[in-house]
$ cat my_file.cif   # mmCIF, C-alpha atoms
data_protein
loop_
_atom_site.group_PDB
_atom_site.id
_atom_site.type_symbol
_atom_site.label_atom_id
_atom_site.label_comp_id
_atom_site.auth_asym_id
_atom_site.auth_seq_id
_atom_site.Cartn_x
_atom_site.Cartn_y
_atom_site.Cartn_z
ATOM 1 C CA MET A 1 -2.778 6.761 -17.678
ATOM 2 C CA HIS A 2 -2.454 3.764 -19.999
ATOM 3 C CA GLU A 3 -5.285 1.669 -21.350
ATOM 4 C CA PRO A 4 -5.874 -1.013 -18.674
ATOM 5 C CA THR A 5 -4.386 -4.349 -19.675
ATOM 6 C CA PHE A 6 -7.359 -6.141 -18.066
ATOM 7 C CA LYS A 7 -10.846 -4.780 -18.659
ATOM 8 C CA SER A 8 -12.926 -6.940 -16.320
ATOM 9 C CA VAL A 9 -12.154 -6.737 -12.592
ATOM 10 C CA ALA A 10 -13.766 -8.214 -9.481
ATOM 11 C CA VAL A 11 -13.185 -6.738 -6.022
ATOM 12 C CA ILE A 12 -13.986 -9.218 -3.262
ATOM 13 C CA GLY A 13 -14.383 -7.536 0.117
ATOM 14 C CA THR A 14 -15.454 -3.890 0.125
ATOM 15 C CA GLY A 15 -14.162 -2.470 3.384
ATOM 16 C CA VAL A 16 -11.804 0.519 3.485
ATOM 17 C CA ILE A 17 -9.269 -1.027 1.083
ATOM 18 C CA GLY A 18 -11.778 -2.741 -1.193
ATOM 19 C CA ARG A 19 -13.872 0.360 -1.794
ATOM 20 C CA SER A 20 -10.716 2.336 -2.561
ATOM 21 C CA TRP A 21 -9.628 -0.323 -5.076
ATOM 22 C CA ILE A 22 -13.043 0.016 -6.761
ATOM 23 C CA ARG A 23 -12.236 3.671 -7.447
ATOM 24 C CA VAL A 24 -8.794 2.798 -8.815
ATOM 25 C CA PHE A 25 -10.168 0.305 -11.310
ATOM 26 C CA ALA A 26 -13.341 2.209 -12.249
ATOM 27 C CA ARG A 27 -11.543 5.492 -12.987
ATOM 28 C CA ALA A 28 -9.077 3.566 -15.200
ATOM 29 C CA GLY A 29 -12.009 2.385 -17.327
ATOM 30 C CA CYS A 30 -12.286 -1.178 -16.064
ATOM 31 C CA GLU A 31 -15.652 -2.887 -15.800
ATOM 32 C CA THR A 32 -15.562 -3.281 -12.028
ATOM 33 C CA ARG A 33 -17.808 -5.598 -10.031
ATOM 34 C CA GLY A 34 -17.733 -6.091 -6.293
ATOM 35 C CA PHE A 35 -19.039 -8.482 -3.691
ATOM 36 C CA ASP A 36 -19.201 -8.416 0.093
ATOM 37 C CA PRO A 37 -21.394 -10.520 2.399
ATOM 38 C CA ASP A 38 -22.219 -7.291 4.271
ATOM 39 C CA ASP A 39 -24.928 -5.679 2.102
ATOM 40 C CA GLU A 40 -24.650 -2.282 3.775
ATOM 41 C CA ARG A 41 -20.885 -2.137 3.335
ATOM 42 C CA LEU A 42 -21.252 -3.272 -0.287
ATOM 43 C CA ALA A 43 -23.771 -0.535 -1.108
ATOM 44 C CA ARG A 44 -21.612 2.136 0.537
ATOM 45 C CA ALA A 45 -18.584 1.045 -1.488
ATOM 46 C CA PHE A 46 -20.323 1.839 -4.786
ATOM 47 C CA GLU A 47 -21.713 5.249 -3.850
ATOM 48 C CA GLY A 48 -20.632 7.809 -6.448
ATOM 49 C CA THR A 49 -18.934 5.298 -8.760
ATOM 50 C CA PRO A 50 -19.434 5.359 -12.567
ATOM 51 C CA PRO A 51 -21.915 3.037 -14.327
ATOM 52 C CA SER A 52 -19.079 0.666 -15.231
ATOM 53 C CA ALA A 53 -18.848 -0.248 -11.530
ATOM 54 C CA ARG A 54 -21.592 -2.256 -9.910
ATOM 55 C CA ALA A 55 -22.342 -4.257 -6.800
ATOM 56 C CA CYS A 56 -23.148 -7.950 -7.150
ATOM 57 C CA ALA A 57 -25.483 -10.011 -4.994
ATOM 58 C CA THR A 58 -23.336 -13.162 -5.126
ATOM 59 C CA LEU A 59 -19.682 -14.106 -5.381
ATOM 60 C CA ASP A 60 -20.361 -16.072 -8.566
ATOM 61 C CA GLU A 61 -21.892 -12.997 -10.207
ATOM 62 C CA ALA A 62 -18.915 -10.817 -9.283
ATOM 63 C CA LEU A 63 -16.381 -13.341 -10.589
ATOM 64 C CA ALA A 64 -18.133 -14.107 -13.889
ATOM 65 C CA GLY A 65 -15.789 -13.138 -16.734
ATOM 66 C CA ALA A 66 -13.222 -11.519 -14.432
ATOM 67 C CA GLU A 67 -9.657 -11.214 -15.675
ATOM 68 C CA TRP A 68 -8.302 -9.770 -12.421
ATOM 69 C CA VAL A 69 -9.644 -10.521 -8.928
ATOM 70 C CA GLN A 70 -8.614 -8.209 -6.080
ATOM 71 C CA GLU A 71 -9.274 -9.969 -2.769
ATOM 72 C CA SER A 72 -9.555 -7.548 0.139
ATOM 73 C CA GLY A 73 -11.105 -9.705 2.834
ATOM 74 C CA PRO A 74 -10.284 -9.982 6.548
ATOM 75 C CA GLU A 75 -6.584 -10.127 7.472
ATOM 76 C CA ALA A 76 -6.637 -13.647 8.937
ATOM 77 C CA LEU A 77 -4.712 -16.495 7.312
ATOM 78 C CA ALA A 78 -7.436 -19.116 7.810
ATOM 79 C CA THR A 79 -10.013 -16.789 6.264
ATOM 80 C CA LYS A 80 -7.717 -15.973 3.340
ATOM 81 C CA ARG A 81 -7.047 -19.642 2.668
ATOM 82 C CA SER A 82 -10.744 -20.505 2.719
ATOM 83 C CA LEU A 83 -11.626 -17.583 0.472
ATOM 84 C CA TYR A 84 -8.836 -18.370 -1.973
ATOM 85 C CA ALA A 85 -10.004 -21.964 -2.269
ATOM 86 C CA GLU A 86 -13.409 -20.601 -3.258
ATOM 87 C CA LEU A 87 -11.940 -18.053 -5.653
ATOM 88 C CA ASP A 88 -9.744 -20.672 -7.315
ATOM 89 C CA ALA A 89 -12.731 -22.957 -7.789
ATOM 90 C CA THR A 90 -15.096 -20.251 -9.072
ATOM 91 C CA ALA A 91 -13.156 -17.578 -10.964
ATOM 92 C CA PRO A 92 -12.375 -18.082 -14.675
ATOM 93 C CA PRO A 93 -9.262 -20.269 -14.974
ATOM 94 C CA THR A 94 -7.273 -17.498 -16.682
ATOM 95 C CA ALA A 95 -8.048 -14.836 -14.043
ATOM 96 C CA ILE A 96 -5.246 -13.608 -11.801
ATOM 97 C CA LEU A 97 -6.106 -13.834 -8.096
ATOM 98 C CA ALA A 98 -4.472 -10.934 -6.242
ATOM 99 C CA SER A 99 -4.595 -10.343 -2.496
ATOM 100 C CA SER A 100 -4.448 -6.985 -0.722
ATOM 101 C CA THR A 101 -2.918 -8.695 2.323
ATOM 102 C CA SER A 102 -0.425 -6.609 4.278
ATOM 103 C CA THR A 103 0.786 -9.553 6.357
ATOM 104 C CA HIS A 104 0.622 -12.989 4.807
ATOM 105 C CA ASP A 105 2.844 -14.936 2.445
ATOM 106 C CA MET A 106 1.051 -15.992 -0.749
ATOM 107 C CA SER A 107 2.829 -19.345 -0.451
ATOM 108 C CA ARG A 108 0.770 -19.978 2.701
ATOM 109 C CA ILE A 109 -2.484 -18.528 1.363
ATOM 110 C CA ALA A 110 -2.378 -20.577 -1.844
ATOM 111 C CA GLU A 111 -0.875 -23.715 -0.322
ATOM 112 C CA GLY A 112 -2.409 -26.793 -1.918
ATOM 113 C CA LEU A 113 -4.431 -24.908 -4.525
ATOM 114 C CA ASP A 114 -4.498 -26.192 -8.099
ATOM 115 C CA GLY A 115 -4.330 -22.595 -9.306
ATOM 116 C CA ALA A 116 -1.460 -21.414 -7.092
ATOM 117 C CA SER A 117 0.459 -20.327 -10.199
ATOM 118 C CA ARG A 118 -2.018 -17.492 -10.768
ATOM 119 C CA CYS A 119 -2.061 -16.249 -7.161
ATOM 120 C CA ILE A 120 -0.100 -13.154 -6.115
ATOM 121 C CA VAL A 121 0.034 -10.441 -3.471
ATOM 122 C CA ALA A 122 -0.803 -6.912 -4.645
ATOM 123 C CA HIS A 123 -0.606 -4.966 -1.382
ATOM 124 C CA PRO A 124 -1.617 -1.303 -1.667
ATOM 125 C CA VAL A 125 -0.956 1.696 0.527
ATOM 126 C CA ASN A 126 -4.112 2.965 2.215
ATOM 127 C CA PRO A 127 -5.962 4.511 0.401
ATOM 128 C CA PRO A 128 -4.843 3.129 -2.992
ATOM 129 C CA HIS A 129 -6.991 5.560 -4.999
ATOM 130 C CA VAL A 130 -4.837 8.361 -3.539
ATOM 131 C CA VAL A 131 -1.438 6.755 -2.793
ATOM 132 C CA PRO A 132 -0.198 4.745 -5.803
ATOM 133 C CA VAL A 133 2.429 2.305 -4.480
ATOM 134 C CA VAL A 134 1.520 -1.395 -4.690
ATOM 135 C CA GLU A 135 3.836 -4.108 -3.365
ATOM 136 C CA VAL A 136 3.765 -7.104 -5.720
ATOM 137 C CA LEU A 137 4.944 -10.360 -4.169
ATOM 138 C CA PRO A 138 4.697 -13.833 -5.713
ATOM 139 C CA GLY A 139 4.332 -17.062 -3.810
ATOM 140 C CA GLU A 140 6.659 -20.012 -4.275
ATOM 141 C CA ARG A 141 4.438 -21.444 -7.043
ATOM 142 C CA THR A 142 3.428 -18.181 -8.729
ATOM 143 C CA ASP A 143 4.160 -18.226 -12.458
ATOM 144 C CA PRO A 144 6.623 -15.522 -13.620
ATOM 145 C CA GLU A 145 4.062 -14.596 -16.285
ATOM 146 C CA THR A 146 1.605 -13.812 -13.488
ATOM 147 C CA VAL A 147 4.149 -11.467 -11.908
ATOM 148 C CA ALA A 148 4.788 -9.685 -15.212
ATOM 149 C CA ALA A 149 1.061 -9.358 -15.890
ATOM 150 C CA ALA A 150 0.432 -7.988 -12.382
ATOM 151 C CA LEU A 151 3.147 -5.339 -12.717
ATOM 152 C CA ALA A 152 1.830 -4.309 -16.145
ATOM 153 C CA PHE A 153 -1.783 -4.141 -14.971
ATOM 154 C CA MET A 154 -1.001 -2.078 -11.887
ATOM 155 C CA THR A 155 0.957 0.376 -14.051
ATOM 156 C CA SER A 156 -1.860 0.535 -16.599
ATOM 157 C CA VAL A 157 -4.418 1.579 -13.947
ATOM 158 C CA GLY A 158 -2.197 4.383 -12.656
ATOM 159 C CA GLN A 159 -0.516 2.686 -9.702
ATOM 160 C CA SER A 160 3.228 2.434 -8.955
ATOM 161 C CA PRO A 161 4.028 -1.274 -8.505
ATOM 162 C CA VAL A 162 7.224 -2.497 -6.883
ATOM 163 C CA GLU A 163 8.294 -6.141 -7.028
ATOM 164 C CA MET A 164 9.601 -7.951 -3.963
ATOM 165 C CA ASN A 165 12.043 -10.768 -4.581
ATOM 166 C CA HIS A 166 10.940 -12.867 -1.607
ATOM 167 C CA TYR A 167 8.620 -12.730 1.393
ATOM 168 C CA LEU A 168 9.460 -10.880 4.582
ATOM 169 C CA PRO A 169 6.926 -10.067 7.321
ATOM 170 C CA GLY A 170 5.537 -6.592 6.720
ATOM 171 C CA PHE A 171 6.861 -6.498 3.149
ATOM 172 C CA LEU A 172 8.749 -3.252 2.333
ATOM 173 C CA LEU A 173 6.626 -0.267 3.348
ATOM 174 C CA ASN A 174 5.393 -1.567 6.687
ATOM 175 C CA ARG A 175 8.873 -2.718 7.724
ATOM 176 C CA MET A 176 10.300 0.750 7.110
ATOM 177 C CA GLN A 177 7.262 2.390 8.685
ATOM 178 C CA ALA A 178 7.539 0.117 11.727
ATOM 179 C CA ALA A 179 11.214 1.019 12.172
ATOM 180 C CA LEU A 180 10.403 4.735 12.203
ATOM 181 C CA VAL A 181 7.355 4.347 14.462
ATOM 182 C CA ARG A 182 9.400 2.226 16.879
ATOM 183 C CA GLU A 183 11.881 5.065 17.327
ATOM 184 C CA ALA A 184 9.083 7.636 17.593
ATOM 185 C CA VAL A 185 7.487 5.555 20.372
ATOM 186 C CA PHE A 186 10.839 5.389 22.163
ATOM 187 C CA LEU A 187 11.287 9.162 21.935
ATOM 188 C CA ILE A 188 7.842 9.704 23.474
ATOM 189 C CA GLY A 189 8.357 7.119 26.215
ATOM 190 C CA SER A 190 11.791 8.443 27.131
ATOM 191 C CA GLY A 191 10.480 11.980 27.452
ATOM 192 C CA ALA A 192 12.798 13.287 24.733
ATOM 193 C CA ALA A 193 10.040 15.176 22.913
ATOM 194 C CA THR A 194 6.290 15.603 22.512
ATOM 195 C CA ALA A 195 4.189 13.896 19.854
ATOM 196 C CA ASP A 196 3.811 17.229 18.068
ATOM 197 C CA ALA A 197 7.575 17.791 18.017
ATOM 198 C CA ILE A 198 8.199 14.335 16.584
ATOM 199 C CA ASP A 199 5.504 14.784 13.944
ATOM 200 C CA THR A 200 6.934 18.210 13.061
ATOM 201 C CA VAL A 201 10.373 16.709 12.437
ATOM 202 C CA ILE A 202 8.827 14.320 9.917
ATOM 203 C CA ARG A 203 6.126 16.634 8.512
ATOM 204 C CA ASP A 204 8.345 19.688 8.001
ATOM 205 C CA GLY A 205 11.690 17.920 7.753
ATOM 206 C CA LEU A 206 12.248 14.373 6.552
ATOM 207 C CA GLY A 207 8.797 14.089 4.984
ATOM 208 C CA LEU A 208 9.382 17.015 2.633
ATOM 209 C CA ARG A 209 12.455 15.313 1.196
ATOM 210 C CA TRP A 210 10.923 11.849 1.231
ATOM 211 C CA ALA A 211 7.851 13.056 -0.665
ATOM 212 C CA LEU A 212 10.211 13.601 -3.588
ATOM 213 C CA MET A 213 12.916 10.957 -3.118
ATOM 214 C CA GLY A 214 13.487 7.930 -0.942
ATOM 215 C CA PRO A 215 16.318 7.558 1.592
ATOM 216 C CA PHE A 216 18.848 6.606 -1.069
ATOM 217 C CA GLY A 217 17.781 9.383 -3.438
ATOM 218 C CA THR A 218 18.080 11.805 -0.536
ATOM 219 C CA ALA A 219 21.580 10.490 0.199
ATOM 220 C CA HIS A 220 22.438 10.985 -3.468
ATOM 221 C CA THR A 221 21.713 14.721 -3.147
ATOM 222 C CA ASN A 222 23.333 15.197 0.284
ATOM 223 C CA ALA A 223 26.933 14.891 -0.909
ATOM 224 C CA ASP A 224 28.699 16.242 -3.981
ATOM 225 C CA GLY A 225 29.867 12.737 -4.866
ATOM 226 C CA GLY A 226 26.408 11.198 -4.666
ATOM 227 C CA ALA A 227 25.027 8.335 -2.583
ATOM 228 C CA GLY A 228 28.305 6.417 -2.355
ATOM 229 C CA ASP A 229 30.163 9.476 -1.123
ATOM 230 C CA TYR A 230 27.458 10.243 1.454
ATOM 231 C CA LEU A 231 27.184 6.713 2.837
ATOM 232 C CA GLU A 232 30.947 6.307 3.093
ATOM 233 C CA ARG A 233 31.302 9.694 4.769
ATOM 234 C CA TYR A 234 28.558 9.118 7.338
ATOM 235 C CA GLY A 235 28.788 5.347 7.663
ATOM 236 C CA ASP A 236 30.363 5.406 11.120
ATOM 237 C CA ALA A 237 27.807 7.940 12.364
ATOM 238 C CA TYR A 238 24.969 5.716 11.198
ATOM 239 C CA ARG A 239 26.522 2.653 12.822
ATOM 240 C CA ALA A 240 26.815 4.521 16.119
ATOM 241 C CA LEU A 241 23.168 5.626 15.914
ATOM 242 C CA TRP A 242 21.983 2.126 15.019
ATOM 243 C CA ALA A 243 23.805 0.757 18.039
ATOM 244 C CA ASP A 244 22.030 3.333 20.225
ATOM 245 C CA LEU A 245 18.518 2.694 18.880
ATOM 246 C CA GLU A 246 16.163 0.997 21.308
ATOM 247 C CA ALA A 247 15.146 -2.421 19.984
ATOM 248 C CA ASP A 248 12.177 -2.896 22.304
ATOM 249 C CA PRO A 249 10.812 0.450 23.550
ATOM 250 C CA ASP A 250 8.010 0.745 26.081
ATOM 251 C CA PHE A 251 4.690 0.735 24.247
ATOM 252 C CA ASP A 252 2.219 0.739 27.077
ATOM 253 C CA ALA A 253 -1.057 2.589 27.619
ATOM 254 C CA SER A 254 0.652 5.730 28.937
ATOM 255 C CA VAL A 255 2.735 6.113 25.758
ATOM 256 C CA ILE A 256 -0.299 5.560 23.544
ATOM 257 C CA GLU A 257 -2.245 8.109 25.593
ATOM 258 C CA GLN A 258 0.511 10.690 25.173
ATOM 259 C CA VAL A 259 0.462 10.221 21.402
ATOM 260 C CA HIS A 260 -3.332 10.388 21.197
ATOM 261 C CA ASP A 261 -3.612 13.430 23.441
ATOM 262 C CA GLY A 262 -0.903 15.187 21.450
ATOM 263 C CA MET A 263 -2.810 14.684 18.205
ATOM 264 C CA VAL A 264 -6.099 15.833 19.775
ATOM 265 C CA ASP A 265 -4.362 18.954 21.100
ATOM 266 C CA LEU A 266 -2.942 19.655 17.649
ATOM 267 C CA TYR A 267 -5.904 18.863 15.404
ATOM 268 C CA GLY A 268 -8.869 18.951 17.773
ATOM 269 C CA PRO A 269 -11.376 16.268 18.832
ATOM 270 C CA ASP A 270 -13.341 14.408 16.153
ATOM 271 C CA SER A 271 -10.876 15.637 13.532
ATOM 272 C CA THR A 272 -9.953 12.346 11.856
ATOM 273 C CA ALA A 273 -12.372 12.513 8.910
ATOM 274 C CA ALA A 274 -11.598 16.134 8.010
ATOM 275 C CA LEU A 275 -7.857 15.520 8.405
ATOM 276 C CA SER A 276 -8.038 12.459 6.146
ATOM 277 C CA GLU A 277 -9.846 14.439 3.455
ATOM 278 C CA TRP A 278 -7.217 17.193 3.663
ATOM 279 C CA ARG A 279 -4.475 14.566 3.433
ATOM 280 C CA ASP A 280 -6.022 13.063 0.292
ATOM 281 C CA ARG A 281 -6.367 16.470 -1.395
ATOM 282 C CA SER A 282 -2.789 17.376 -0.516
ATOM 283 C CA VAL A 283 -1.347 14.081 -1.742
ATOM 284 C CA ARG A 284 -3.122 14.574 -5.072
ATOM 285 C CA ARG A 285 -1.580 18.040 -5.407
ATOM 286 C CA ILE A 286 1.888 16.656 -4.635
ATOM 287 C CA ARG A 287 1.414 13.911 -7.222
ATOM 288 C CA ASP A 288 0.257 16.445 -9.825
ATOM 289 C CA MET A 289 3.290 18.623 -9.102
ATOM 290 C CA LYS A 290 5.674 15.685 -9.490
ATOM 291 C CA LYS A 291 3.976 14.692 -12.738
ATOM 292 C CA GLU A 292 4.293 18.239 -14.127
ATOM 293 C CA ASP A 293 7.922 18.588 -12.984
ATOM 294 C CA PRO A 294 9.478 15.092 -12.879
ATOM 295 C CA PRO A 295 13.000 14.504 -11.522
ATOM 296 C CA PRO A 296 15.870 14.544 -14.044
ATOM 297 C CA THR A 297 16.306 10.764 -14.227
ATOM 298 C CA ARG A 298 18.296 9.063 -16.964
ATOM 299 C CA ALA A 299 15.013 8.032 -18.630
ATOM 300 C CA GLU A 300 13.769 11.625 -18.633
ATOM 301 C CA ALA A 301 17.047 12.923 -20.033
ATOM 302 C CA ALA A 302 16.884 10.419 -22.910
ATOM 303 C CA ARG A 303 13.516 11.769 -24.105
#
$ encode --input "my_file.cif" --output "structure tokens"
Amino acid sequence: MHEPTFKSVAVIGTGVIGRSWIRVFARAGCETRGFDPDDERLARAFEGTPPSARACATLDEALAGAEWVQESGPEALATKRSLYAELDATAPPTAILASSTSTHDMSRIAEGLDGASRCIVAHPVNPPHVVPVVEVLPGERTDPETVAAALAFMTSVGQSPVEMNHYLPGFLLNRMQAALVREAVFLIGSGAATADAIDTVIRDGLGLRWALMGPFGTAHTNADGGAGDYLERYGDAYRALWADLEADPDFDASVIEQVHDGMVDLYGPDSTAALSEWRDRSVRRIRDMKKEDPPPTRAEAAR
């Protein structure tokens, strides 16, 4: 991990995402302060964190001297806009104001703000202290220097930032996730397979490849001539499948019940916490393995 490019960080909102961000920044060596109007949630977020991380009683205290502000408040546009107006008025004028939003366009959040040039989306994958991808998305008035600084900072604290060129609902990860979940819901509703069967296809099939490479990297290894060869060879098959995919599958209570019951049958009742902990441990092991044995990219070959 690199030395963090910003040393002083404020996390505003300490729910599930906020408290995970606190761990990202604190373990990277940042002086990390947090604020949440819910005192109980705030205290819980700082349990087990190093001395460099501390809870603050007021927003002003958390923002004092901050170089990077990670807003992780409620996912409602009106709330984001109100909070950003307060952050822009209170945070040091050189601080970058980053939002964890998974939904909203920074152009809308920062509309009318004097400091819109320093506002940016830095959307993590839940939980960010385990899964490193962060989607970085500027608003219409975001300064290019803010984008560059955000990408550098996320890299320096051990995350894997990706830059989006323009806003789309759901950004990158959630759009691709939604496409896959849509088809999984259709398969359940049509009676084609059980929830366990569908999860097995991903868990012990596609997911094993995708843990190492994305869809295009996978295509690159699935034909002797690489990705171009593969996509040309199977282009018609993909077009036929796309035409057959259900655009608006049934997603009613009976489908949801089938999915839920299938997961309870597989993992047992009251299993969510233990399963999440196992997931986190396993993801860390996969990341360690990939770090110890990285893919033979052009950059690796040049070393």
$ closest_residue --input "my_file.cif" --among "A:Pro124, A:Ala43, A:Ala85, A:Ile12" --to "Val69 in chain A" --atoms "all atoms listed in the file"
A:Ile12
$ closest_atom_pairs --input "my_file.cif" --of "range 5-40 of chain A" --to "range 132-153 of chain A" --cutoff "10 Å" --atoms "all atoms listed in the file" --output "CSV"
residue,atom,partner,partner_atom,distance
A:Thr5,CA,A:Phe153,CA,5.4
A:Phe6,CA,A:Phe153,CA,6.7
A:Lys7,CA,A:Phe153,CA,9.8
A:Val24,CA,A:Pro132,CA,9.3
$ atom_distance --input "my_file.cif" --atom1 "CA of Tyr167 in chain A" --atom2 "CA of Ala95 in chain A"
22.8 Å
$ residues_around --input "my_file.cif" --residues "range 45-61 of chain A" --least-positions-apart "4" --cutoff "8 Å" --atoms "all atoms listed in the file" --output "list in words"
Ile12, Thr14, Gly15, Gly18, Arg19, Ile22, Arg23, Ala26, Arg27, Gly29, Cys30, Glu31, Thr32, Arg33, Gly34, Phe35, Asp36, Arg41, Thr90 and Ala91 of chain A
$ atom_distance --input "my_file.cif" --atom1 "CA of Ala62 in chain A" --atom2 "CA of Pro37 in chain A"
11.9 Å
$ atom_distance --input "my_file.cif" --atom1 "CA of Leu77 in chain A" --atom2 "CA of Pro249 in chain A"
28.1 Å
$ residues_near_point --input "my_file.cif" --point "(-7.4, -25.2, -8.9)" --cutoff "9 Å" --atoms "all atoms listed in the file" --output "PyMOL selection string"
chain A and resi 85+88-89+93+112-116
$ residues_around --input "my_file.cif" --residues "range 252-260 of chain A" --least-positions-apart "2" --cutoff "7 Å" --atoms "all atoms listed in the file" --output "count of residues only"
7
$ closest_residue --input "my_file.cif" --among "A:Asn222, A:Ser117, A:Ser102, A:Ser190" --to "Gly170 in chain A" --atoms "all atoms listed in the file"
A:Ser102
$ closest_atom_pairs --input "my_file.cif" --of "range 97-134 of chain A" --to "range 274-295 of chain A" --cutoff "12 Å" --atoms "all atoms listed in the file" --output "tab-separated table"
residue	atom	partner	partner_atom	distance
A:Asn126	CA	A:Asp280	CA	10.5
A:Pro127	CA	A:Asp280	CA	8.6
A:Pro128	CA	A:Asp280	CA	10.5
A:His129	CA	A:Asp280	CA	9.2
A:Val130	CA	A:Asp280	CA	6.2
A:Val131	CA	A:Val283	CA	7.4
A:Pro132	CA	A:Arg287	CA	9.4
A:Val133	CA	A:Arg287	CA	12.0
$ resolve_selection --input "my_file.cif" --expression "the PyMOL selection byres ((chain A and resi 101) around 12)" --output "PyMOL selection string"
chain A and resi 13+17-18+70-77+79-81+98-100+102-106+108-109+120-126+134-137+169-171+174
$ closest_residue --input "my_file.cif" --among "A:Ala240, A:Ala10, A:Ala273, A:Asp265" --to "Asp196 in chain A" --atoms "only C-alpha atoms"
A:Asp265
$ closest_residue --input "my_file.cif" --among "A:Gly235, A:Val162, A:Glu3, A:Thr221" --to "Arg209 in chain A" --atoms "all atoms listed in the file"
A:Thr221
$ closest_residue --input "my_file.cif" --among "A:Val11, A:Leu245, A:Tyr267, A:Cys119" --to "Arg182 in chain A" --atoms "all atoms listed in the file"
A:Leu245
$ closest_residue --input "my_file.cif" --among "A:Asp244, A:Ala197, A:Gly228, A:Gly214" --to "Leu266 in chain A" --atoms "all atoms listed in the file"
A:Ala197
$ axis_aligned_box --input "my_file.cif" --around "range 172-183 of chain A" --padding-each-side "4 Å" --output "JSON"
{"center_x": 8.6, "center_y": 0.9, "center_z": 9.8, "size_x": 14.5, "size_y": 16.3, "size_z": 23.0}
$ build_atoms --input "my_file.cif" --residues "range 217-229 of chain A" --atoms "N, CA and C atoms" --output "mmCIF file, in the coordinates of the input"
data_model
loop_
_atom_site.group_PDB
_atom_site.id
_atom_site.type_symbol
_atom_site.label_atom_id
_atom_site.label_comp_id
_atom_site.auth_asym_id
_atom_site.auth_seq_id
_atom_site.Cartn_x
_atom_site.Cartn_y
_atom_site.Cartn_z
ATOM 1 N N GLY A 217 17.781 8.192 -2.594
ATOM 2 C CA GLY A 217 17.781 9.383 -3.438
ATOM 3 C C GLY A 217 18.179 10.609 -2.646
ATOM 4 N N THR A 218 17.686 10.700 -1.405
ATOM 5 C CA THR A 218 18.080 11.805 -0.536
ATOM 6 C C THR A 218 19.586 11.789 -0.279
ATOM 7 N N ALA A 219 20.132 10.606 -0.002
ATOM 8 C CA ALA A 219 21.580 10.490 0.199
ATOM 9 C C ALA A 219 22.345 10.930 -1.046
ATOM 10 N N HIS A 220 21.779 10.649 -2.204
ATOM 11 C CA HIS A 220 22.438 10.985 -3.468
ATOM 12 C C HIS A 220 22.561 12.494 -3.651
ATOM 13 N N THR A 221 21.672 13.257 -3.022
ATOM 14 C CA THR A 221 21.713 14.721 -3.147
ATOM 15 C C THR A 221 22.390 15.391 -1.951
ATOM 16 N N ASN A 222 22.767 14.627 -0.946
ATOM 17 C CA ASN A 222 23.333 15.197 0.284
ATOM 18 C C ASN A 222 24.854 15.237 0.297
ATOM 19 N N ALA A 223 25.469 14.812 -0.794
ATOM 20 C CA ALA A 223 26.933 14.891 -0.909
ATOM 21 C C ALA A 223 27.286 15.125 -2.369
ATOM 22 N N ASP A 224 28.324 15.903 -2.599
ATOM 23 C CA ASP A 224 28.699 16.242 -3.981
ATOM 24 C C ASP A 224 28.997 14.991 -4.801
ATOM 25 N N GLY A 225 29.508 13.955 -4.144
ATOM 26 C CA GLY A 225 29.867 12.737 -4.866
ATOM 27 C C GLY A 225 28.744 11.730 -4.970
ATOM 28 N N GLY A 226 27.547 12.089 -4.538
ATOM 29 C CA GLY A 226 26.408 11.198 -4.666
ATOM 30 C C GLY A 226 26.246 10.256 -3.488
ATOM 31 N N ALA A 227 25.397 9.232 -3.674
ATOM 32 C CA ALA A 227 25.027 8.335 -2.583
ATOM 33 C C ALA A 227 26.222 7.605 -1.997
ATOM 34 N N GLY A 228 27.140 7.131 -2.856
ATOM 35 C CA GLY A 228 28.305 6.417 -2.355
ATOM 36 C C GLY A 228 29.164 7.287 -1.466
ATOM 37 N N ASP A 229 29.380 8.515 -1.901
ATOM 38 C CA ASP A 229 30.163 9.476 -1.123
ATOM 39 C C ASP A 229 29.496 9.724 0.230
#
